[in-house]
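Pasting upload.pdb here (PDB, C-alpha atoms):
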```
ATOM      1  CA  MET A 925    -122.130 289.842-161.594  1.00  0.00           C
ATOM      2  CA  ASN A 926    -125.368 291.358-162.855  1.00  0.00           C
ATOM      3  CA  ALA A 927    -127.096 294.692-162.844  1.00  0.00           C
ATOM      4  CA  ILE A 928    -130.881 294.794-162.977  1.00  0.00           C
ATOM      5  CA  ALA A 929    -132.972 297.046-165.203  1.00  0.00           C
ATOM      6  CA  ILE A 930    -136.478 297.635-163.825  1.00  0.00           C
ATOM      7  CA  PHE A 931    -139.191 299.081-166.057  1.00  0.00           C
ATOM      8  CA  TYR A 932    -142.199 301.089-164.927  1.00  0.00           C
ATOM      9  CA  GLY A 933    -145.393 302.114-166.669  1.00  0.00           C
ATOM     10  CA  ARG A 934    -145.456 301.895-170.439  1.00  0.00           C
ATOM     11  CA  LEU A 935    -141.729 301.087-170.510  1.00  0.00           C
ATOM     12  CA  ARG A 936    -142.598 297.731-168.977  1.00  0.00           C
ATOM     13  CA  GLU A 937    -144.871 297.088-171.945  1.00  0.00           C
ATOM     14  CA  CYS A 938    -142.096 298.152-174.327  1.00  0.00           C
ATOM     15  CA  ALA A 939    -139.681 295.757-172.619  1.00  0.00           C
ATOM     16  CA  GLY A 940    -142.230 292.965-172.318  1.00  0.00           C
ATOM     17  CA  ALA A 941    -141.012 292.283-168.778  1.00  0.00           C
ATOM     18  CA  GLU A 942    -140.786 293.987-165.397  1.00  0.00           C
ATOM     19  CA  ARG A 943    -137.023 293.604-165.267  1.00  0.00           C
ATOM     20  CA  ARG A 944    -134.005 292.377-167.155  1.00  0.00           C
ATOM     21  CA  SER A 945    -130.858 291.068-165.578  1.00  0.00           C
ATOM     22  CA  ILE A 946    -127.737 292.185-167.422  1.00  0.00           C
ATOM     23  CA  ALA A 947    -124.321 290.575-166.981  1.00  0.00           C
ATOM     24  CA  LEU A 948    -121.913 293.338-166.045  1.00  0.00           C
ATOM     25  CA  ALA A 949    -118.232 292.828-165.263  1.00  0.00           C
ATOM     26  CA  ALA A 950    -117.300 296.465-164.740  1.00  0.00           C
ATOM     27  CA  PRO A 951    -119.001 299.863-164.345  1.00  0.00           C
ATOM     28  CA  VAL A 952    -120.500 301.353-167.494  1.00  0.00           C
ATOM     29  CA  ASP A 953    -122.195 304.647-168.239  1.00  0.00           C
ATOM     30  CA  LEU A 954    -125.935 304.852-168.732  1.00  0.00           C
ATOM     31  CA  ASP A 955    -125.751 304.893-172.534  1.00  0.00           C
ATOM     32  CA  ALA A 956    -123.753 301.683-172.532  1.00  0.00           C
ATOM     33  CA  PHE A 957    -126.116 300.113-170.008  1.00  0.00           C
ATOM     34  CA  ARG A 958    -129.142 301.009-172.143  1.00  0.00           C
ATOM     35  CA  ALA A 959    -127.418 299.412-175.129  1.00  0.00           C
ATOM     36  CA  LEU A 960    -126.879 296.220-173.119  1.00  0.00           C
ATOM     37  CA  VAL A 961    -130.457 296.218-171.852  1.00  0.00           C
ATOM     38  CA  ALA A 962    -131.941 296.703-175.325  1.00  0.00           C
ATOM     39  CA  THR A 963    -129.304 294.900-177.318  1.00  0.00           C
ATOM     40  CA  ASP A 964    -131.866 293.145-179.541  1.00  0.00           C
ATOM     41  CA  ASP A 965    -134.546 295.842-179.430  1.00  0.00           C
ATOM     42  CA  PRO A 966    -133.916 299.285-180.989  1.00  0.00           C
ATOM     43  CA  ASP A 967    -137.462 300.440-180.116  1.00  0.00           C
ATOM     44  CA  LEU A 968    -136.835 299.731-176.446  1.00  0.00           C
ATOM     45  CA  ARG A 969    -133.486 301.481-176.628  1.00  0.00           C
ATOM     46  CA  ASP A 970    -135.164 304.573-178.070  1.00  0.00           C
ATOM     47  CA  ALA A 971    -137.914 304.444-175.460  1.00  0.00           C
ATOM     48  CA  LEU A 972    -135.368 304.168-172.611  1.00  0.00           C
ATOM     49  CA  SER A 973    -133.343 307.051-174.070  1.00  0.00           C
ATOM     50  CA  ALA A 974    -136.227 309.542-174.278  1.00  0.00           C
ATOM     51  CA  PRO A 975    -135.343 312.736-172.382  1.00  0.00           C
ATOM     52  CA  ALA A 976    -138.524 312.511-170.290  1.00  0.00           C
ATOM     53  CA  VAL A 977    -137.500 309.141-168.817  1.00  0.00           C
ATOM     54  CA  ARG A 978    -136.368 309.456-165.203  1.00  0.00           C
ATOM     55  CA  ILE A 979    -133.744 307.148-163.733  1.00  0.00           C
ATOM     56  CA  ALA A 980    -133.373 305.827-160.199  1.00  0.00           C
ATOM     57  CA  VAL A 981    -130.252 304.013-159.064  1.00  0.00           C
ATOM     58  CA  ASN A 982    -130.858 301.644-156.151  1.00  0.00           C
ATOM     59  CA  ASP A 983    -134.104 303.447-155.249  1.00  0.00           C
ATOM     60  CA  VAL A 984    -132.537 306.918-155.372  1.00  0.00           C
ATOM     61  CA  LEU A 985    -133.974 309.243-157.997  1.00  0.00           C
ATOM     62  CA  SER A 986    -131.256 310.772-160.184  1.00  0.00           C
ATOM     63  CA  PRO A 987    -131.571 314.462-161.031  1.00  0.00           C
ATOM     64  CA  ARG A 988    -132.520 315.126-164.652  1.00  0.00           C
ATOM     65  CA  GLY A 989    -129.448 315.082-166.867  1.00  0.00           C
ATOM     66  CA  ALA A 990    -127.162 313.690-164.168  1.00  0.00           C
ATOM     67  CA  GLU A 991    -124.221 311.570-165.264  1.00  0.00           C
ATOM     68  CA  ILE A 992    -125.019 308.017-164.227  1.00  0.00           C
ATOM     69  CA  ILE A 993    -122.590 305.142-163.792  1.00  0.00           C
ATOM     70  CA  VAL A 994    -124.045 301.643-163.491  1.00  0.00           C
ATOM     71  CA  ARG A 995    -122.074 299.221-161.338  1.00  0.00           C
ATOM     72  CA  PRO A 996    -122.393 295.472-160.998  1.00  0.00           C
ATOM     73  CA  GLY A 997    -125.121 294.799-158.428  1.00  0.00           C
ATOM     74  CA  ASP A 998    -127.016 298.043-159.122  1.00  0.00           C
ATOM     75  CA  GLU A 999    -130.742 298.220-159.741  1.00  0.00           C
ATOM     76  CA  ILE A1000    -131.584 300.798-162.386  1.00  0.00           C
ATOM     77  CA  ALA A1001    -135.208 301.905-162.650  1.00  0.00           C
ATOM     78  CA  PHE A1002    -136.422 303.390-165.937  1.00  0.00           C
ATOM     79  CA  MET A1003    -139.482 305.542-165.316  1.00  0.00           C
ATOM     80  CA  PRO A1004    -141.631 307.304-167.927  1.00  0.00           C
ATOM     81  CA  PRO A1005    -143.218 310.683-167.063  1.00  0.00           C
ATOM     82  CA  PHE A1006    -144.934 310.629-163.686  1.00  0.00           C
ATOM     83  CA  SER A1007    -148.690 310.973-163.655  1.00  0.00           C
ATOM     84  CA  GLY A1008    -150.343 311.009-160.254  1.00  0.00           C
ATOM     85  CA  GLY A1009    -153.440 312.611-158.823  1.00  0.00           C
TER      86      GLY A1009
ATOM     87  CA  MET B1266    -150.356 312.281-142.249  1.00  0.00           C
ATOM     88  CA  ILE B1267    -149.305 310.737-145.548  1.00  0.00           C
ATOM     89  CA  ARG B1268    -150.537 307.404-146.877  1.00  0.00           C
ATOM     90  CA  VAL B1269    -149.915 305.655-150.194  1.00  0.00           C
ATOM     91  CA  GLU B1270    -152.070 302.568-150.236  1.00  0.00           C
ATOM     92  CA  ALA B1271    -154.084 300.139-152.329  1.00  0.00           C
ATOM     93  CA  ALA B1272    -157.123 300.002-150.052  1.00  0.00           C
ATOM     94  CA  PRO B1273    -160.115 302.248-150.737  1.00  0.00           C
ATOM     95  CA  PHE B1274    -160.662 305.088-148.283  1.00  0.00           C
ATOM     96  CA  ASP B1275    -163.675 307.002-147.064  1.00  0.00           C
ATOM     97  CA  PRO B1276    -162.954 310.677-147.791  1.00  0.00           C
ATOM     98  CA  GLU B1277    -165.669 312.008-145.470  1.00  0.00           C
ATOM     99  CA  ALA B1278    -164.415 309.942-142.534  1.00  0.00           C
ATOM    100  CA  GLU B1279    -160.801 310.905-143.272  1.00  0.00           C
ATOM    101  CA  LEU B1280    -161.675 314.610-143.418  1.00  0.00           C
ATOM    102  CA  ALA B1281    -163.730 314.420-140.229  1.00  0.00           C
ATOM    103  CA  ALA B1282    -160.821 312.791-138.390  1.00  0.00           C
ATOM    104  CA  PHE B1283    -158.402 315.356-139.814  1.00  0.00           C
ATOM    105  CA  ARG B1284    -160.644 318.249-138.769  1.00  0.00           C
ATOM    106  CA  ALA B1285    -161.043 316.839-135.275  1.00  0.00           C
ATOM    107  CA  ALA B1286    -157.257 316.759-134.892  1.00  0.00           C
ATOM    108  CA  GLN B1287    -156.816 320.395-135.985  1.00  0.00           C
ATOM    109  CA  ALA B1288    -158.417 322.242-133.104  1.00  0.00           C
ATOM    110  CA  PRO B1289    -156.839 325.710-133.569  1.00  0.00           C
ATOM    111  CA  ALA B1290    -157.292 325.753-137.355  1.00  0.00           C
ATOM    112  CA  GLY B1291    -159.594 328.441-138.677  1.00  0.00           C
ATOM    113  CA  ALA B1292    -159.319 327.077-142.193  1.00  0.00           C
ATOM    114  CA  ILE B1293    -159.292 323.629-143.715  1.00  0.00           C
ATOM    115  CA  ALA B1294    -159.054 323.274-147.488  1.00  0.00           C
ATOM    116  CA  SER B1295    -159.262 319.984-149.293  1.00  0.00           C
ATOM    117  CA  PHE B1296    -159.236 318.424-152.738  1.00  0.00           C
ATOM    118  CA  LEU B1297    -160.638 315.034-153.659  1.00  0.00           C
ATOM    119  CA  GLY B1298    -159.749 313.469-157.004  1.00  0.00           C
ATOM    120  CA  CYS B1299    -161.938 310.615-158.256  1.00  0.00           C
ATOM    121  CA  VAL B1300    -161.898 308.296-161.263  1.00  0.00           C
ATOM    122  CA  ARG B1301    -163.861 309.874-164.098  1.00  0.00           C
ATOM    123  CA  GLY B1302    -166.860 308.107-165.536  1.00  0.00           C
ATOM    124  CA  GLY B1303    -167.933 308.291-169.160  1.00  0.00           C
ATOM    125  CA  GLY B1304    -166.470 305.234-170.816  1.00  0.00           C
ATOM    126  CA  THR B1305    -163.703 304.424-168.363  1.00  0.00           C
ATOM    127  CA  GLU B1306    -164.063 300.940-166.912  1.00  0.00           C
ATOM    128  CA  ALA B1307    -161.147 301.283-164.533  1.00  0.00           C
ATOM    129  CA  LEU B1308    -158.105 303.382-163.772  1.00  0.00           C
ATOM    130  CA  ILE B1309    -154.967 301.407-163.015  1.00  0.00           C
ATOM    131  CA  LEU B1310    -152.342 303.239-160.975  1.00  0.00           C
ATOM    132  CA  GLU B1311    -148.836 301.918-160.518  1.00  0.00           C
ATOM    133  CA  HIS B1312    -146.382 303.337-158.033  1.00  0.00           C
ATOM    134  CA  HIS B1313    -142.759 302.854-157.020  1.00  0.00           C
ATOM    135  CA  PRO B1314    -142.388 300.932-153.759  1.00  0.00           C
ATOM    136  CA  VAL B1315    -139.865 303.373-152.295  1.00  0.00           C
ATOM    137  CA  LEU B1316    -139.774 306.584-154.306  1.00  0.00           C
ATOM    138  CA  THR B1317    -143.475 307.415-154.357  1.00  0.00           C
ATOM    139  CA  ALA B1318    -143.943 307.833-150.614  1.00  0.00           C
ATOM    140  CA  GLN B1319    -140.543 309.534-150.377  1.00  0.00           C
ATOM    141  CA  ALA B1320    -141.522 312.070-153.044  1.00  0.00           C
ATOM    142  CA  ILE B1321    -144.838 312.843-151.361  1.00  0.00           C
ATOM    143  CA  HIS B1322    -143.093 313.396-148.028  1.00  0.00           C
ATOM    144  CA  SER B1323    -140.752 315.852-149.728  1.00  0.00           C
ATOM    145  CA  PHE B1324    -143.729 317.703-151.286  1.00  0.00           C
ATOM    146  CA  ALA B1325    -145.283 317.950-147.834  1.00  0.00           C
ATOM    147  CA  ASP B1326    -142.026 319.372-146.439  1.00  0.00           C
ATOM    148  CA  GLY B1327    -142.050 321.911-149.260  1.00  0.00           C
ATOM    149  CA  ALA B1328    -145.644 322.885-148.511  1.00  0.00           C
ATOM    150  CA  ARG B1329    -144.840 323.372-144.808  1.00  0.00           C
ATOM    151  CA  GLN B1330    -141.914 325.619-145.735  1.00  0.00           C
ATOM    152  CA  ARG B1331    -143.924 327.699-148.171  1.00  0.00           C
ATOM    153  CA  PHE B1332    -147.175 328.068-146.297  1.00  0.00           C
ATOM    154  CA  GLU B1333    -148.019 328.613-142.643  1.00  0.00           C
ATOM    155  CA  LEU B1334    -149.759 325.291-142.012  1.00  0.00           C
ATOM    156  CA  LEU B1335    -151.047 323.581-138.902  1.00  0.00           C
ATOM    157  CA  GLY B1336    -151.586 320.174-140.469  1.00  0.00           C
ATOM    158  CA  LEU B1337    -151.548 318.196-143.691  1.00  0.00           C
ATOM    159  CA  LEU B1338    -153.298 315.080-144.902  1.00  0.00           C
ATOM    160  CA  ILE B1339    -152.366 313.312-148.140  1.00  0.00           C
ATOM    161  CA  ILE B1340    -153.852 309.968-149.152  1.00  0.00           C
ATOM    162  CA  HIS B1341    -153.087 308.539-152.589  1.00  0.00           C
ATOM    163  CA  ARG B1342    -154.198 305.153-153.834  1.00  0.00           C
ATOM    164  CA  PHE B1343    -152.643 302.735-156.261  1.00  0.00           C
ATOM    165  CA  GLY B1344    -154.017 299.608-157.921  1.00  0.00           C
ATOM    166  CA  ARG B1345    -157.177 299.136-159.962  1.00  0.00           C
ATOM    167  CA  LEU B1346    -159.879 301.719-159.248  1.00  0.00           C
ATOM    168  CA  ALA B1347    -163.470 301.771-160.490  1.00  0.00           C
ATOM    169  CA  PRO B1348    -165.221 304.903-161.833  1.00  0.00           C
ATOM    170  CA  ALA B1349    -166.150 307.405-159.094  1.00  0.00           C
ATOM    171  CA  GLU B1350    -163.742 305.853-156.589  1.00  0.00           C
ATOM    172  CA  PRO B1351    -161.535 308.362-154.763  1.00  0.00           C
ATOM    173  CA  ILE B1352    -157.911 308.403-155.976  1.00  0.00           C
ATOM    174  CA  VAL B1353    -156.375 311.193-153.957  1.00  0.00           C
ATOM    175  CA  LEU B1354    -157.335 313.326-150.978  1.00  0.00           C
ATOM    176  CA  VAL B1355    -155.278 316.347-149.950  1.00  0.00           C
ATOM    177  CA  ALA B1356    -156.267 318.506-146.992  1.00  0.00           C
ATOM    178  CA  ALA B1357    -154.436 321.386-145.366  1.00  0.00           C
ATOM    179  CA  ALA B1358    -155.226 323.142-142.099  1.00  0.00           C
ATOM    180  CA  ALA B1359    -154.109 326.676-141.305  1.00  0.00           C
ATOM    181  CA  LEU B1360    -155.117 329.649-139.189  1.00  0.00           C
ATOM    182  CA  HIS B1361    -156.412 331.457-142.281  1.00  0.00           C
ATOM    183  CA  ARG B1362    -157.801 330.384-145.622  1.00  0.00           C
ATOM    184  CA  ARG B1363    -155.105 331.437-148.068  1.00  0.00           C
ATOM    185  CA  PRO B1364    -152.230 329.192-146.918  1.00  0.00           C
ATOM    186  CA  ALA B1365    -154.645 326.253-146.680  1.00  0.00           C
ATOM    187  CA  LEU B1366    -156.010 326.802-150.194  1.00  0.00           C
ATOM    188  CA  GLN B1367    -152.567 327.421-151.680  1.00  0.00           C
ATOM    189  CA  ALA B1368    -151.033 324.373-150.027  1.00  0.00           C
ATOM    190  CA  VAL B1369    -153.684 322.107-151.528  1.00  0.00           C
ATOM    191  CA  ASP B1370    -153.186 323.670-154.968  1.00  0.00           C
ATOM    192  CA  TYR B1371    -149.396 323.337-154.659  1.00  0.00           C
ATOM    193  CA  LEU B1372    -149.528 319.725-153.528  1.00  0.00           C
ATOM    194  CA  MET B1373    -151.912 318.698-156.305  1.00  0.00           C
ATOM    195  CA  ASP B1374    -149.678 320.326-158.943  1.00  0.00           C
ATOM    196  CA  LEU B1375    -146.726 318.309-157.639  1.00  0.00           C
ATOM    197  CA  LEU B1376    -148.692 315.069-157.268  1.00  0.00           C
ATOM    198  CA  LYS B1377    -149.831 315.364-160.883  1.00  0.00           C
ATOM    199  CA  THR B1378    -146.344 315.766-162.344  1.00  0.00           C
ATOM    200  CA  GLU B1379    -143.628 314.827-159.835  1.00  0.00           C
ATOM    201  CA  ALA B1380    -144.927 311.831-157.881  1.00  0.00           C
ATOM    202  CA  PRO B1381    -143.836 308.469-159.305  1.00  0.00           C
ATOM    203  CA  PHE B1382    -147.224 307.148-160.363  1.00  0.00           C
ATOM    204  CA  TRP B1383    -148.167 305.790-163.761  1.00  0.00           C
ATOM    205  CA  LYS B1384    -151.752 305.464-164.730  1.00  0.00           C
ATOM    206  CA  ARG B1385    -153.619 303.830-167.499  1.00  0.00           C
ATOM    207  CA  GLU B1386    -157.242 303.907-168.351  1.00  0.00           C
ATOM    208  CA  ALA B1387    -159.102 300.717-169.201  1.00  0.00           C
ATOM    209  CA  LEU B1388    -161.790 301.425-171.783  1.00  0.00           C
ATOM    210  CA  SER B1389    -164.209 298.815-173.061  1.00  0.00           C
ATOM    211  CA  ASN B1390    -161.914 297.732-175.902  1.00  0.00           C
ATOM    212  CA  GLU B1391    -158.446 299.056-175.085  1.00  0.00           C
ATOM    213  CA  GLU B1392    -156.115 300.386-172.422  1.00  0.00           C
ATOM    214  CA  ARG B1393    -154.206 303.608-172.751  1.00  0.00           C
ATOM    215  CA  TRP B1394    -151.521 305.302-170.683  1.00  0.00           C
ATOM    216  CA  ILE B1395    -152.299 308.741-169.332  1.00  0.00           C
ATOM    217  CA  GLU B1396    -149.484 311.263-169.084  1.00  0.00           C
ATOM    218  CA  PRO B1397    -149.570 314.834-167.820  1.00  0.00           C
ATOM    219  CA  HIS B1398    -150.573 317.587-170.248  1.00  0.00           C
ATOM    220  CA  GLN B1399    -148.528 320.700-170.896  1.00  0.00           C
ATOM    221  CA  ALA B1400    -151.032 322.573-168.715  1.00  0.00           C
ATOM    222  CA  ASP B1401    -150.115 320.305-165.783  1.00  0.00           C
ATOM    223  CA  TYR B1402    -146.426 321.158-166.161  1.00  0.00           C
ATOM    224  CA  ALA B1403    -147.259 324.852-166.531  1.00  0.00           C
ATOM    225  CA  ALA B1404    -149.323 324.649-163.331  1.00  0.00           C
ATOM    226  CA  ARG B1405    -146.386 323.044-161.504  1.00  0.00           C
ATOM    227  CA  ASP B1406    -143.989 325.676-162.811  1.00  0.00           C
ATOM    228  CA  ARG B1407    -146.051 328.464-161.213  1.00  0.00           C
ATOM    229  CA  TRP B1408    -144.508 327.350-157.916  1.00  0.00           C
ATOM    230  CA  THR B1409    -140.862 327.465-158.911  1.00  0.00           C
ATOM    231  CA  ALA B1410    -140.532 331.098-157.822  1.00  0.00           C
ATOM    232  CA  PRO B1411    -138.294 331.521-154.770  1.00  0.00           C
ATOM    233  CA  ILE B1412    -139.931 330.826-151.424  1.00  0.00           C
ATOM    234  CA  GLU B1413    -141.149 334.072-149.872  1.00  0.00           C
ATOM    235  CA  GLU B1414    -141.337 334.884-146.195  1.00  0.00           C
ATOM    236  CA  LYS B1415    -144.271 333.232-144.524  1.00  0.00           C
ATOM    237  CA  THR B1416    -146.959 335.729-143.612  1.00  0.00           C
ATOM    238  CA  PRO B1417    -148.888 335.056-140.428  1.00  0.00           C
TER     239      PRO B1417
END
```
Entire entry expressed as structure tokens:
Amino acid sequence: MNAIAIFYGRLRECAGAERRSIALAAPVDLDAFRALVATDDPDLRDALSAPAVRIAVNDVLSPRGAEIIVRPGDEIAFMPPFSGG
Amino acid sequence: MIRVEAAPFDPEAELAAFRAAQAPAGAIASFLGCVRGGGTEALILEHHPVLTAQAIHSFADGARQRFELLGLLIIHRFGRLAPAEPIVLVAAAALHRRPALQAVDYLMDLLKTEAPFWKREALSNEERWIEPHQADYAARDRWTAPIEEKTP
């Protein structure tokens, strides 16, 4: 089964795509998921790991610093700092 | 009323309709944010299909808890906007001026820093992402004090 990484804002430019589908057999923590998402791209891995990046799991915003487990079938949104108004 | 939409809106018509629906209000405060001119060809705003509207609803709930309000209007656009086009309209109605003014200030501070939007500016020869400044975060943090009793 797969988990989907979805990129917003400038992270989409870093990734060169709106989303990446990652084969996932078992739950992994967020660090491991980021490594799978950016396996061939250390710049993307750094960008996804920046402390200001917010994460949403299946359209639910995770609190800053929360421990996140990614399960097969999940959609993980990577969101750079918000900038509305 | 809260709307997150791609279509342009007419701020004067929206405010007139809002005012007409707020009969007992003695005070209506509003803020209109527009795309700056001066070299910008367009402002491109992205949003999250679920989280953006959800976040704005939660800001509105927060404003209603903090301030004695009669009504709220928040319209925020996404998509490609030309210079001078309205981006965001926030209006608050209250019996007296202070809660109305403060609610608008509060909501704009949260919209700037906590609403899932991403914007980039298209200049004549490049595009660049715009992120909040430290001053925007400092403005937001003014509101993190505990909620005080509402004063009538």
Considering all atoms listed in the file, tabulate each residue of chain A that lies at most 8 Å from chain B along with its nearest interatomic pair and the corresponding distance in Å to one decimal; arrange the rows by chain and ascending residue number and present them as CSV.
```
residue,atom,partner,partner_atom,distance
A:Tyr932,CA,B:Trp1383,CA,7.7
A:Gly933,CA,B:Trp1383,CA,5.4
A:Arg934,CA,B:Trp1394,CA,7.0
A:Asp983,CA,B:Val1315,CA,6.5
A:Val984,CA,B:Leu1316,CA,7.3
A:Leu985,CA,B:Leu1316,CA,7.4
A:Met1003,CA,B:Pro1381,CA,8.0
A:Pro1004,CA,B:Trp1383,CA,7.9
A:Pro1005,CA,B:Glu1396,CA,6.6
A:Phe1006,CA,B:Pro1381,CA,5.0
A:Ser1007,CA,B:Trp1383,CA,5.2
A:Gly1008,CA,B:Lys1377,CA,4.4
A:Gly1009,CA,B:Lys1377,CA,5.0
```
Residues in the PyMOL selection byres ((chain B and resi 1371) around 12), expressed as number ranges by chain: B: 1295-1296, 1321, 1324-1332, 1355-1357, 1363-1370, 1372-1379, 1401, 1404-1409
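Here CA of Asp967 in chain A and CA of Met925 in chain A stand 26.3 Å from one another.
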Mind giving me the axis-aligned box for range 1346-1358 of chain B with 8 Å on every side, centre plus edges in Å to one decimal, as JSON?
```
{"center_x": -160.3, "center_y": 312.4, "center_z": -152.0, "size_x": 27.7, "size_y": 37.4, "size_z": 35.7}
```
Atomic separation - CA of Ala939 in chain A relative to CA of Ala1001 in chain A, Å: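 It comes out at 12.5 Å.
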Length of the CA of Ala927 in chain A to CA of Ile1000 in chain A vector [Å]: 7.6 Å
Residues in the PyMOL selection byres ((chain B and resi 1388) around 9), expressed as a PyMOL selection string: chain B and resi 1304-1307+1386-1387+1389-1393
Residues returned when the PyMOL selection byres ((chain A and resi 988-999) around 12) runs on this file, as an MDAnalysis selection string: chainID A and resid 925:931 943:958 960:961 973:987 1000:1003 1005
Just the residues within 7 Å of Arg1268 in chain B, please, counting all atoms listed in the file, with nothing from its chain fewer than 2 positions along; format it as a short mmCIF file (atom, residue, chain, number, x, y, z; two decimals) with C-alpha atoms, in the coordinates of the input.
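Listing of part_16.cif after writing:
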```cif
data_model
loop_
_atom_site.label_atom_id
_atom_site.label_comp_id
_atom_site.auth_asym_id
_atom_site.auth_seq_id
_atom_site.Cartn_x
_atom_site.Cartn_y
_atom_site.Cartn_z
CA MET B 1266 -150.36 312.28 -142.25
CA GLU B 1270 -152.07 302.57 -150.24
CA ILE B 1339 -152.37 313.31 -148.14
CA ILE B 1340 -153.85 309.97 -149.15
CA HIS B 1341 -153.09 308.54 -152.59
#
```
